[in-house]
file entry-v3.txt (compact mmCIF, C-alpha atoms and all ligand atoms)
# COMPACT_ATOMS: atom_id res chain seq x y z
CA MET W 194 -23.19 -3.33 -5.20
CA ASN W 195 -21.15 -2.58 -2.08
CA TYR W 196 -17.97 -1.28 -3.73
CA GLN W 197 -16.18 -0.62 -0.46
CA LYS W 198 -16.68 -4.24 0.57
CA LEU W 199 -15.54 -5.39 -2.88
CA SER W 200 -12.42 -3.24 -2.60
CA LYS W 201 -11.59 -4.74 0.80
CA GLU W 202 -12.01 -8.26 -0.53
CA ILE W 203 -9.86 -7.55 -3.58
CA SER W 204 -7.19 -5.85 -1.45
CA TYR W 205 -7.10 -8.92 0.77
CA ALA W 206 -6.79 -11.23 -2.24
CA LEU W 207 -4.15 -9.21 -4.10
CA ARG W 208 -2.10 -8.00 -1.12
CA HIS W 209 -2.21 -10.90 1.29
CA ALA W 210 -3.85 -14.10 0.10
CA PRO W 211 -3.65 -14.75 -3.66
CA HIS W 212 -3.37 -18.50 -3.10
CA GLU W 213 -6.65 -18.55 -1.19
CA TYR W 214 -8.23 -17.21 -4.39
CA GLU W 215 -6.19 -19.47 -6.69
CA LEU W 216 -4.42 -16.46 -8.13
CA GLU W 217 -0.80 -16.10 -9.01
CA LEU W 218 0.68 -12.60 -8.98
CA ASP W 219 3.33 -11.87 -11.58
CA GLU W 220 6.51 -10.17 -10.36
CA TYR W 221 4.85 -6.73 -10.44
CA GLY W 222 1.72 -7.95 -8.66
CA TRP W 223 -0.57 -8.20 -11.69
CA VAL W 224 -3.27 -10.85 -12.14
CA HIS W 225 -5.65 -11.40 -15.06
CA ILE W 226 -9.01 -9.79 -14.39
CA GLU W 227 -10.74 -12.90 -15.77
CA GLN W 228 -9.02 -15.05 -13.15
CA LEU W 229 -9.96 -12.70 -10.33
CA LEU W 230 -13.59 -12.56 -11.49
CA HIS W 231 -13.71 -16.33 -11.86
CA SER W 232 -12.52 -16.69 -8.29
CA LEU W 233 -14.88 -14.05 -6.89
CA HIS W 234 -17.84 -15.68 -8.66
CA GLU W 235 -17.44 -18.71 -6.43
CA GLN W 236 -18.78 -16.62 -3.56
CA PRO W 237 -22.55 -15.99 -3.68
CA VAL W 238 -22.10 -12.38 -2.59
CA TRP W 239 -19.95 -11.66 -5.66
CA HIS W 240 -21.62 -13.97 -8.20
CA ASN W 241 -22.57 -11.10 -10.51
CA VAL W 242 -19.43 -8.93 -10.26
CA HIS W 243 -18.45 -7.74 -13.71
CA GLU W 244 -15.25 -6.15 -15.03
CA ASN W 245 -17.09 -2.84 -15.18
CA ASP W 246 -17.65 -3.04 -11.41
CA LEU W 247 -13.88 -3.09 -10.89
CA HIS W 248 -13.57 0.21 -12.74
CA ILE W 249 -16.40 1.71 -10.68
CA MET W 250 -14.79 0.36 -7.48
CA ILE W 251 -11.50 2.10 -8.32
CA SER W 252 -13.11 5.39 -9.33
CA GLN W 253 -15.30 5.51 -6.20
CA SER W 254 -12.51 4.67 -3.76
CA ASP W 255 -11.18 7.23 -1.26
CA LYS W 256 -7.61 6.09 -2.09
CA LYS W 257 -6.05 4.73 -5.26
CA ARG W 258 -5.42 1.19 -4.04
CA HIS W 259 -5.77 -0.75 -7.30
CA GLU W 260 -4.88 -0.25 -10.91
CA ILE W 261 -6.17 -1.87 -14.13
CA HIS W 262 -4.11 -2.18 -17.31
CA ASN W 263 -4.25 -4.49 -20.35
CA GLY W 264 -6.84 -6.87 -18.87
CA LYS W 265 -4.97 -7.15 -15.59
CA ILE W 266 -5.43 -5.72 -12.10
CA ARG W 267 -2.99 -5.18 -9.24
CA ALA W 268 -2.81 -3.67 -5.78
CA LEU W 269 -0.50 -0.64 -5.79
CA TYR W 270 0.85 -1.16 -2.26
CA GLY W 271 0.28 -3.02 0.99
CA HIS W 272 1.52 -6.49 0.00
CA SER W 273 2.48 -9.10 2.59
CA THR W 274 2.99 -12.14 0.34
CA ALA W 275 6.24 -14.07 0.66
CA LYS W 276 7.62 -13.09 -2.73
CA LYS W 277 8.38 -9.37 -2.82
CA VAL W 278 6.41 -7.54 -5.50
CA LEU W 279 8.72 -5.36 -7.61
CA LYS W 280 8.04 -1.64 -7.51
CA GLU W 281 9.30 1.16 -9.71
CA GLU W 282 12.19 3.11 -8.17
CA SER W 283 11.62 6.84 -8.07
CA GLU W 284 13.17 10.05 -6.72
CA PRO W 285 11.16 11.10 -3.65
CA PRO W 286 10.13 14.62 -2.63
CA GLU W 287 12.20 16.43 -0.01
CA PHE W 288 10.09 15.19 2.88
CA LEU W 289 7.72 12.28 3.40
CA TYR W 290 5.57 11.54 6.45
CA HIS W 291 4.58 8.46 8.43
CA GLY W 292 1.67 8.29 10.87
CA THR W 293 1.99 5.74 13.64
CA PRO W 294 0.53 5.03 17.08
CA LYS W 295 2.36 6.97 19.82
CA ARG W 296 3.23 3.68 21.54
CA PHE W 297 5.47 2.64 18.59
CA VAL W 298 7.55 5.82 18.46
CA ALA W 299 10.27 4.92 20.98
CA LEU W 300 11.07 1.67 19.20
CA ILE W 301 10.98 3.31 15.76
CA MET W 302 13.44 5.97 16.95
CA GLU W 303 15.74 3.10 18.01
CA GLN W 304 15.31 0.67 15.10
CA GLY W 305 14.22 2.93 12.28
CA LEU W 306 11.07 2.21 10.24
CA ILE W 307 10.83 -1.43 9.20
CA PRO W 308 8.15 -3.10 7.06
CA LYS W 309 6.80 -5.31 9.88
CA GLY W 310 4.08 -7.50 8.31
CA ARG W 311 4.29 -5.95 4.85
CA GLN W 312 6.93 -6.00 2.11
CA TYR W 313 7.75 -2.29 2.30
CA VAL W 314 7.60 0.62 4.71
CA HIS W 315 4.71 2.90 3.67
CA LEU W 316 5.22 6.67 3.60
CA SER W 317 2.82 9.50 2.80
CA GLU W 318 3.39 12.53 0.64
CA GLU W 319 1.20 14.71 2.89
CA ILE W 320 0.86 15.13 6.64
CA GLU W 321 -2.92 14.80 6.31
CA THR W 322 -2.61 11.36 4.71
CA ALA W 323 -0.08 10.23 7.33
CA THR W 324 -2.49 11.36 10.04
CA GLN W 325 -5.28 9.25 8.53
CA VAL W 326 -2.96 6.23 8.37
CA GLY W 327 -1.96 6.68 12.03
CA LYS W 328 -5.58 7.15 13.14
CA ARG W 329 -6.33 3.54 12.18
CA ARG W 330 -4.64 2.53 15.44
CA ASP W 331 -4.39 5.64 17.65
CA LYS W 332 -6.87 8.54 18.01
CA GLN W 333 -3.94 10.96 18.31
CA PRO W 334 -1.15 9.38 16.29
CA ALA W 335 2.44 10.54 16.11
CA ILE W 336 3.56 12.00 12.80
CA LEU W 337 7.13 11.25 11.78
CA LYS W 338 8.93 13.43 9.24
CA ILE W 339 11.31 11.62 6.92
CA GLU W 340 14.19 13.41 5.19
CA ALA W 341 13.49 11.49 2.02
CA LYS W 342 15.62 13.44 -0.43
CA LYS W 343 18.60 13.32 1.90
CA ALA W 344 18.17 9.54 2.30
CA TRP W 345 17.83 9.17 -1.48
CA ILE W 346 21.08 11.09 -2.00
CA ASP W 347 22.61 8.61 0.48
CA ASN W 348 21.44 5.76 -1.85
CA VAL W 349 18.30 4.71 0.03
CA ILE W 350 15.90 3.45 -2.65
CA PHE W 351 12.34 4.81 -2.76
CA TYR W 352 9.52 3.34 -4.82
CA HIS W 353 6.35 4.84 -6.19
CA GLY W 354 3.12 3.40 -4.75
CA ASN W 355 0.48 5.86 -5.97
CA GLU W 356 0.24 9.67 -6.04
CA MET W 357 0.15 9.82 -2.23
CA VAL W 358 1.98 6.69 -1.11
CA TRP W 359 5.71 6.01 -1.29
CA LEU W 360 7.48 2.80 -0.36
CA ALA W 361 10.94 1.99 0.99
CA ASP W 362 12.71 -1.15 2.19
CA LYS W 363 13.72 0.47 5.48
CA ILE W 364 14.26 3.99 6.82
CA ASP W 365 17.17 4.40 9.21
CA LYS W 366 16.62 6.51 12.29
CA GLN W 367 18.95 9.33 11.26
CA TYR W 368 16.39 10.41 8.63
CA ILE W 369 13.44 10.41 11.05
CA SER W 370 12.21 13.18 13.35
CA ILE W 371 9.03 13.47 15.40
CA LEU W 372 6.77 16.18 14.04
CA GLU W 373 3.95 15.89 16.57
C1 LIG T 1 5.03 0.32 12.64
C2 LIG T 1 -3.08 1.29 4.70
C3 LIG T 1 7.70 -0.62 15.98
C4 LIG T 1 4.52 1.32 11.64
C5 LIG T 1 -2.52 2.58 5.23
C6 LIG T 1 3.07 0.88 11.49
C7 LIG T 1 -1.16 2.67 4.59
C8 LIG T 1 7.17 -0.09 13.81
C9 LIG T 1 3.14 -0.62 11.75
C10 LIG T 1 -0.77 1.23 4.39
C11 LIG T 1 8.54 -0.08 13.47
C12 LIG T 1 2.96 -1.45 10.51
C13 LIG T 1 0.31 0.80 5.35
C14 LIG T 1 9.48 -0.36 14.48
C15 LIG T 1 7.40 0.41 11.71
N1 LIG T 1 9.02 -0.63 15.72
N2 LIG T 1 6.75 -0.36 15.06
N3 LIG T 1 10.81 -0.36 14.24
N4 LIG T 1 8.65 0.23 12.15
N5 LIG T 1 6.49 0.22 12.70
O1 LIG T 1 -0.32 -1.50 8.56
O2 LIG T 1 2.21 2.18 7.33
O3 LIG T 1 -6.10 1.87 3.65
O4 LIG T 1 1.88 -2.62 7.98
O5 LIG T 1 4.65 2.64 12.10
O6 LIG T 1 -3.34 3.68 4.97
O7 LIG T 1 0.39 1.66 9.08
O8 LIG T 1 -5.22 -0.46 3.55
O9 LIG T 1 1.73 -0.16 7.88
O10 LIG T 1 2.25 1.49 12.44
O11 LIG T 1 -1.12 3.35 3.39
O12 LIG T 1 -5.12 1.04 1.55
O13 LIG T 1 4.44 -0.90 12.27
O14 LIG T 1 -1.95 0.47 4.63
O15 LIG T 1 -3.63 1.47 3.43
O16 LIG T 1 1.61 -1.33 10.11
O17 LIG T 1 -0.02 1.17 6.68
P1 LIG T 1 1.17 -1.49 8.60
P2 LIG T 1 1.10 1.31 7.81
P3 LIG T 1 -5.11 0.97 3.03
call {"tool": "encode", "arguments": {"input": "entry-v3.txt", "output": "structure tokens", "more": "lines below"}}
Ligand code: HQG
result
Amino acid sequence: MNYQKLSKEISYALRHAPHEYELELDEYGWVHIEQLLHSLHEQPVWHNVHENDLHIMISQSDKKRHEIHNGKIRALYGHSTAKKVLKEESEPPEFLYHGTPKRFVALIMEQGLIPKGRQYVHLSEEIETATQVGKRRDKQPAILKIEAKKAWIDNVIFYHGNEMVWLADKIDKQYISILE
């Protein structure tokens, strides 16, 4: 089975298009695994996907994008659905990083970081991860350094995505500097 392809399809369903798959996310983004499998089985390419494949998909993935608990599965970040998925508030590390195409930097330094098409701004715990994120759209991305702890002390809320990914509603420009 092509687990990378399965992961992309499930990310699309759980982050962006649950209705297309006749799924309803609960307020934390969970759906019943049975429902997801039932929906996937309608496509010939996924007709024999089993719950066990979802565990293999998660364990083989380069990033922790999905989580399984009590017969349910959810995407940990990346959502763009209309109803905002609730995330757990958490105290961030001193600094977080954000990789972005160089062409976006001027506007970001004016407007701050905003979620654009997604529900939250996505931040990385490590420069390396931020670089990978930025490289999706620019061979030599800009890396922005966020004074996360300072912002948190100023009552900006941060949310836990996974071990590497943090989320925020917005990051004002006074907390952002250009690292490279
Ligand atoms: C930019 C992937 C202009 C922002 C990744 C980014 C990540 C602004 C783009 C996760 C702006 C939005 C999310 C402003 C923000 N003016 N541009 N004021 N504020 N932007 O894809 O963070 O592999 O929605 O810099 O690895 O790139 O799919 O967010 O470039 O973890 O699991 O607007 O998605 O994860 O782009 O990526 P995105 P992102 P997966």
call {"tool": "residues_near_ligand", "arguments": {"input": "entry-v3.txt", "ligand": "ligand LIG 1 (chain T)", "cutoff": "8 Å", "atoms": "all atoms listed in the file", "output": "PyMOL selection string"}}
result
chain W and resi 204+256-258+270-271+291-294+297-311+314-317+322-323+325-327+329-330+358
call {"tool": "closest_residue", "arguments": {"input": "entry-v3.txt", "among": "W:Ile251, W:Val224, W:Ala275, W:Ile364", "to": "Asn263 in chain W", "atoms": "all atoms listed in the file"}}
result
W:Val224
call {"tool": "closest_residue", "arguments": {"input": "entry-v3.txt", "among": "W:Phe351, W:Trp239, W:Tyr290, W:Trp345", "to": "Leu199 in chain W", "atoms": "all atoms listed in the file"}}
result
W:Trp239
call {"tool": "residues_around", "arguments": {"input": "entry-v3.txt", "residues": "Met194 in chain W", "least_positions_apart": "3", "cutoff": "10 Å", "atoms": "only C-alpha atoms", "output": "list in words"}}
result
Gln197, Lys198, Leu199, Val238, Trp239, Asn241, Val242, Asp246 and Met250 of chain W
call {"tool": "atom_distance", "arguments": {"input": "entry-v3.txt", "atom1": "CA of Glu287 in chain W", "atom2": "CA of Asp255 in chain W"}}
result
25.2 Å
call {"tool": "residues_near_point", "arguments": {"input": "entry-v3.txt", "point": "(-13.7, -3.3, -9.8)", "cutoff": "9 Å", "atoms": "all atoms listed in the file", "output": "number ranges by chain"}}
result
W: 196, 199-200, 203, 242-252, 259, 261, 266
call {"tool": "residues_around", "arguments": {"input": "entry-v3.txt", "residues": "Gly354 in chain W", "least_positions_apart": "6", "cutoff": "8 Å", "atoms": "all atoms listed in the file", "output": "ChimeraX atom specification"}}
result
/W:269-270,280,360
call {"tool": "atom_distance", "arguments": {"input": "entry-v3.txt", "atom1": "CA of Leu337 in chain W", "atom2": "CA of Phe288 in chain W"}}
result
10.2 Å
call {"tool": "atom_distance", "arguments": {"input": "entry-v3.txt", "atom1": "CA of Pro286 in chain W", "atom2": "CA of Lys265 in chain W"}}
result
29.5 Å
call {"tool": "closest_residue", "arguments": {"input": "entry-v3.txt", "among": "W:Lys276, W:His209, W:Lys363, W:Lys295", "to": "Ala341 in chain W", "atoms": "all atoms listed in the file"}}
result
W:Lys363
call {"tool": "residues_around", "arguments": {"input": "entry-v3.txt", "residues": "Asn348 in chain W", "least_positions_apart": "4", "cutoff": "12 Å", "atoms": "only C-alpha atoms", "output": "list of chain:residue names"}}
result
W:Glu282, W:Ser283, W:Glu284, W:Pro285, W:Ala341, W:Lys342, W:Lys343, W:Ala344, W:Ala361, W:Asp362, W:Lys363, W:Ile364, W:Asp365
call {"tool": "residues_around", "arguments": {"input": "entry-v3.txt", "residues": "Arg267 in chain W", "least_positions_apart": "2", "cutoff": "6 Å", "atoms": "all atoms listed in the file", "output": "NGL selection string"}}
result
:W and (222-223 or 259-260)
call {"tool": "closest_residue", "arguments": {"input": "entry-v3.txt", "among": "W:Trp359, W:Tyr214, W:Tyr221, W:Tyr313", "to": "Val278 in chain W", "atoms": "only C-alpha atoms"}}
result
W:Tyr221
call {"tool": "axis_aligned_box", "arguments": {"input": "entry-v3.txt", "around": "range 268-284 of chain W", "padding_each_side": "4 Å", "output": "AutoDock Vina command-line options"}}
result
--center_x 5.2 --center_y -2.0 --center_z -3.6 --size_x 24.0 --size_y 32.1 --size_z 20.3
call {"tool": "closest_residue", "arguments": {"input": "entry-v3.txt", "among": "W:Ala206, W:Leu218, W:Ile339, W:Leu372", "to": "Leu279 in chain W", "atoms": "all atoms listed in the file"}}
result
W:Leu218
call {"tool": "closest_residue", "arguments": {"input": "entry-v3.txt", "among": "W:Ser254, W:Asn355, W:Ser370, W:Thr274", "to": "Ala335 in chain W", "atoms": "only C-alpha atoms"}}
result
W:Ser370
call {"tool": "build_atoms", "arguments": {"input": "entry-v3.txt", "residues": "range 298-317 of chain W", "atoms": "N, CA, C and O atoms", "output": "PDB file, in the frame of the given file"}}
result
ATOM      1  N   VAL W 298       6.537   4.817  18.826  1.00  0.00           N
ATOM      2  CA  VAL W 298       7.550   5.820  18.460  1.00  0.00           C
ATOM      3  C   VAL W 298       8.930   5.514  19.051  1.00  0.00           C
ATOM      4  O   VAL W 298       9.944   5.589  18.356  1.00  0.00           O
ATOM      5  N   ALA W 299       8.964   5.144  20.329  1.00  0.00           N
ATOM      6  CA  ALA W 299      10.270   4.920  20.980  1.00  0.00           C
ATOM      7  C   ALA W 299      11.064   3.848  20.237  1.00  0.00           C
ATOM      8  O   ALA W 299      12.260   4.025  19.962  1.00  0.00           O
ATOM      9  N   LEU W 300      10.384   2.755  19.891  1.00  0.00           N
ATOM     10  CA  LEU W 300      11.070   1.670  19.200  1.00  0.00           C
ATOM     11  C   LEU W 300      11.505   2.086  17.789  1.00  0.00           C
ATOM     12  O   LEU W 300      12.596   1.743  17.321  1.00  0.00           O
ATOM     13  N   ILE W 301      10.632   2.841  17.110  1.00  0.00           N
ATOM     14  CA  ILE W 301      10.980   3.310  15.760  1.00  0.00           C
ATOM     15  C   ILE W 301      12.210   4.209  15.809  1.00  0.00           C
ATOM     16  O   ILE W 301      13.097   4.112  14.953  1.00  0.00           O
ATOM     17  N   MET W 302      12.290   5.068  16.857  1.00  0.00           N
ATOM     18  CA  MET W 302      13.440   5.970  16.950  1.00  0.00           C
ATOM     19  C   MET W 302      14.723   5.210  17.308  1.00  0.00           C
ATOM     20  O   MET W 302      15.820   5.741  17.179  1.00  0.00           O
ATOM     21  N   GLU W 303      14.567   3.962  17.754  1.00  0.00           N
ATOM     22  CA  GLU W 303      15.740   3.100  18.010  1.00  0.00           C
ATOM     23  C   GLU W 303      16.107   2.285  16.768  1.00  0.00           C
ATOM     24  O   GLU W 303      17.259   2.191  16.374  1.00  0.00           O
ATOM     25  N   GLN W 304      15.076   1.656  16.175  1.00  0.00           N
ATOM     26  CA  GLN W 304      15.310   0.670  15.100  1.00  0.00           C
ATOM     27  C   GLN W 304      15.182   1.237  13.698  1.00  0.00           C
ATOM     28  O   GLN W 304      15.529   0.576  12.731  1.00  0.00           O
ATOM     29  N   GLY W 305      14.608   2.438  13.585  1.00  0.00           N
ATOM     30  CA  GLY W 305      14.220   2.930  12.280  1.00  0.00           C
ATOM     31  C   GLY W 305      12.854   2.358  11.901  1.00  0.00           C
ATOM     32  O   GLY W 305      12.266   1.590  12.673  1.00  0.00           O
ATOM     33  N   LEU W 306      12.353   2.752  10.730  1.00  0.00           N
ATOM     34  CA  LEU W 306      11.070   2.210  10.240  1.00  0.00           C
ATOM     35  C   LEU W 306      11.349   0.930   9.476  1.00  0.00           C
ATOM     36  O   LEU W 306      12.159   0.918   8.540  1.00  0.00           O
ATOM     37  N   ILE W 307      10.679  -0.135   9.874  1.00  0.00           N
ATOM     38  CA  ILE W 307      10.830  -1.430   9.200  1.00  0.00           C
ATOM     39  C   ILE W 307       9.467  -1.885   8.690  1.00  0.00           C
ATOM     40  O   ILE W 307       8.437  -1.457   9.217  1.00  0.00           O
ATOM     41  N   PRO W 308       9.432  -2.759   7.693  1.00  0.00           N
ATOM     42  CA  PRO W 308       8.150  -3.100   7.060  1.00  0.00           C
ATOM     43  C   PRO W 308       7.182  -3.895   7.932  1.00  0.00           C
ATOM     44  O   PRO W 308       6.014  -3.984   7.597  1.00  0.00           O
ATOM     45  N   LYS W 309       7.645  -4.464   9.024  1.00  0.00           N
ATOM     46  CA  LYS W 309       6.800  -5.310   9.880  1.00  0.00           C
ATOM     47  C   LYS W 309       6.112  -6.378   9.027  1.00  0.00           C
ATOM     48  O   LYS W 309       6.799  -7.102   8.331  1.00  0.00           O
ATOM     49  N   GLY W 310       4.779  -6.434   9.033  1.00  0.00           N
ATOM     50  CA  GLY W 310       4.080  -7.500   8.310  1.00  0.00           C
ATOM     51  C   GLY W 310       4.049  -7.341   6.796  1.00  0.00           C
ATOM     52  O   GLY W 310       3.644  -8.247   6.078  1.00  0.00           O
ATOM     53  N   ARG W 311       4.414  -6.170   6.298  1.00  0.00           N
ATOM     54  CA  ARG W 311       4.290  -5.950   4.850  1.00  0.00           C
ATOM     55  C   ARG W 311       5.665  -6.038   4.177  1.00  0.00           C
ATOM     56  O   ARG W 311       6.684  -6.189   4.830  1.00  0.00           O
ATOM     57  N   GLN W 312       5.664  -5.889   2.851  1.00  0.00           N
ATOM     58  CA  GLN W 312       6.930  -6.000   2.110  1.00  0.00           C
ATOM     59  C   GLN W 312       7.749  -4.720   2.158  1.00  0.00           C
ATOM     60  O   GLN W 312       8.960  -4.750   1.998  1.00  0.00           O
ATOM     61  N   TYR W 313       7.065  -3.599   2.308  1.00  0.00           N
ATOM     62  CA  TYR W 313       7.750  -2.290   2.300  1.00  0.00           C
ATOM     63  C   TYR W 313       7.228  -1.422   3.441  1.00  0.00           C
ATOM     64  O   TYR W 313       6.099  -1.604   3.906  1.00  0.00           O
ATOM     65  N   VAL W 314       8.049  -0.467   3.835  1.00  0.00           N
ATOM     66  CA  VAL W 314       7.600   0.620   4.710  1.00  0.00           C
ATOM     67  C   VAL W 314       6.736   1.554   3.852  1.00  0.00           C
ATOM     68  O   VAL W 314       7.091   1.835   2.701  1.00  0.00           O
ATOM     69  N   HIS W 315       5.609   2.016   4.405  1.00  0.00           N
ATOM     70  CA  HIS W 315       4.710   2.900   3.670  1.00  0.00           C
ATOM     71  C   HIS W 315       4.837   4.338   4.187  1.00  0.00           C
ATOM     72  O   HIS W 315       4.745   4.571   5.396  1.00  0.00           O
ATOM     73  N   LEU W 316       5.027   5.268   3.257  1.00  0.00           N
ATOM     74  CA  LEU W 316       5.220   6.670   3.600  1.00  0.00           C
ATOM     75  C   LEU W 316       4.213   7.523   2.834  1.00  0.00           C
ATOM     76  O   LEU W 316       3.795   7.143   1.738  1.00  0.00           O
ATOM     77  N   SER W 317       3.843   8.647   3.425  1.00  0.00           N
ATOM     78  CA  SER W 317       2.820   9.500   2.800  1.00  0.00           C
ATOM     79  C   SER W 317       3.431  10.794   2.314  1.00  0.00           C
ATOM     80  O   SER W 317       4.320  11.358   2.949  1.00  0.00           O
TER      81      SER W 317
END
